[in-house]
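Okay, so here's the structure we're looking at.
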Amino acid sequence: LALLLGRSLVDFAASNLFYVGCSILPLGLATVIMFTSPFWAAVLASMWLGEPYSRTDFALACVAFVGVVLSALPSMSPEPGTTAPGLFSILLVFPCSFFQAATYCFIRRIGGRVHYIQMTVCYGICG
């Protein structure tokens with residue numbers, strides 16, 4: 001039950017931070033930042049779940065992270081008549097990505113011990 005509640009709470013936090021991020025950042029930029037969650041999921045899974053994480057995995061994750069940053073750069077430059085998104089706004093979305101990664105790790109940790117409907121119902125109760 002504790003894993004289900006933990007999964008539900010971090011997924012709730014991830015969803016809400018993403019929605020807040022979409023309201024203060026351009027949608028494309030918020031989405032690109034959210035797509036860093038596989039990087040964080042691999043790091044969390046290696047620390048929390050004991051999943052293997054080699055130097056090659058780290059190097060390739062860094063290459064992918066650089067790709068995310070390069071994708072986000074055009075969204076960070078202001079259009080005429082607007083201002084660039086602030087650092088606080090951008091940093092608000094990164095915890096969203098981290099919490100989404102934690103959700104993936106919770107699901108992996110729970111495994112097949114509970115039915116997927118139980119996960120959905122528990123998320124609905126927490127959210």
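Going by the structure tokens order, chains are called A, B, ..., each with residues numbered from 1, while ligands are numbered from 1 in the order shown.
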- Query: What residues in chain A get the DSSP label helix (DSSP H, G or I)? Please answer as a ChimeraX atom specification.
  - Reply: /A:2-24,27-34,37-49,55-76,87-110,116-126
- Name all residues at most 9 Å from A:Ile107 (count only C-alpha atoms; drop same-chain ones fewer than 3 positions away) and give them as an NGL selection string. :A and (3-4 or 7 or 102-104 or 110-112 or 119)
- A:Phe65: which residues within 12 Å, counting only C-alpha atoms, same-chain residues fewer than 2 positions away excluded, as number ranges by chain? A: 32-40, 58-63, 67-72
- Item | Distance query A:Asp11 at most 8 Å, only C-alpha atoms, self and fewer than 3 positions along chain excluded, as a list in words |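 Selected residues are Arg7, Ser8, Ala14, Ser15, Phe99, Gln100, Thr103 and Tyr123 of chain A.
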- Query: What does the distance from atom CA of A:Leu91 to atom CA of A:Ser23 come to in Å, to one decimal?
  - Reply: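 Atom-to-atom, atom CA of A:Leu91 to atom CA of A:Ser23, that is 13.9 Å.
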- Message: Just want the 9 Å neighbourhood of A:Ser89, counted on only C-alpha atoms, with same-chain residues fewer than 5 positions away dropped. Output as a PyMOL selection string.
- Response: chain A and resi 21+24-25
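Comparing A:Ser97, A:Ala2, A:Leu73, A:Gly86 by their smallest distance to A:Phe18, the closest is A:Ser97 (using only C-alpha atoms).
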- Atomic separation - atom CA of A:Arg113 relative to atom CA of A:Leu9, Å: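 Answer for the atom CA of A:Leu9 to atom CA of A:Arg113 separation: 18.8 Å.
With distances restricted to only C-alpha atoms, A:Val20 is the closest residue to A:Leu92 from A:Leu5, A:Val10, A:Val20, A:Ala42.
For the pair atom CA of A:Asn16 and atom CA of A:Leu29, the separation is 16.2 Å.
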- For A:Pro26, which of A:Val66, A:Ile90, A:Ala41, A:Leu49 is the closest residue, counting only C-alpha atoms? A:Ile90
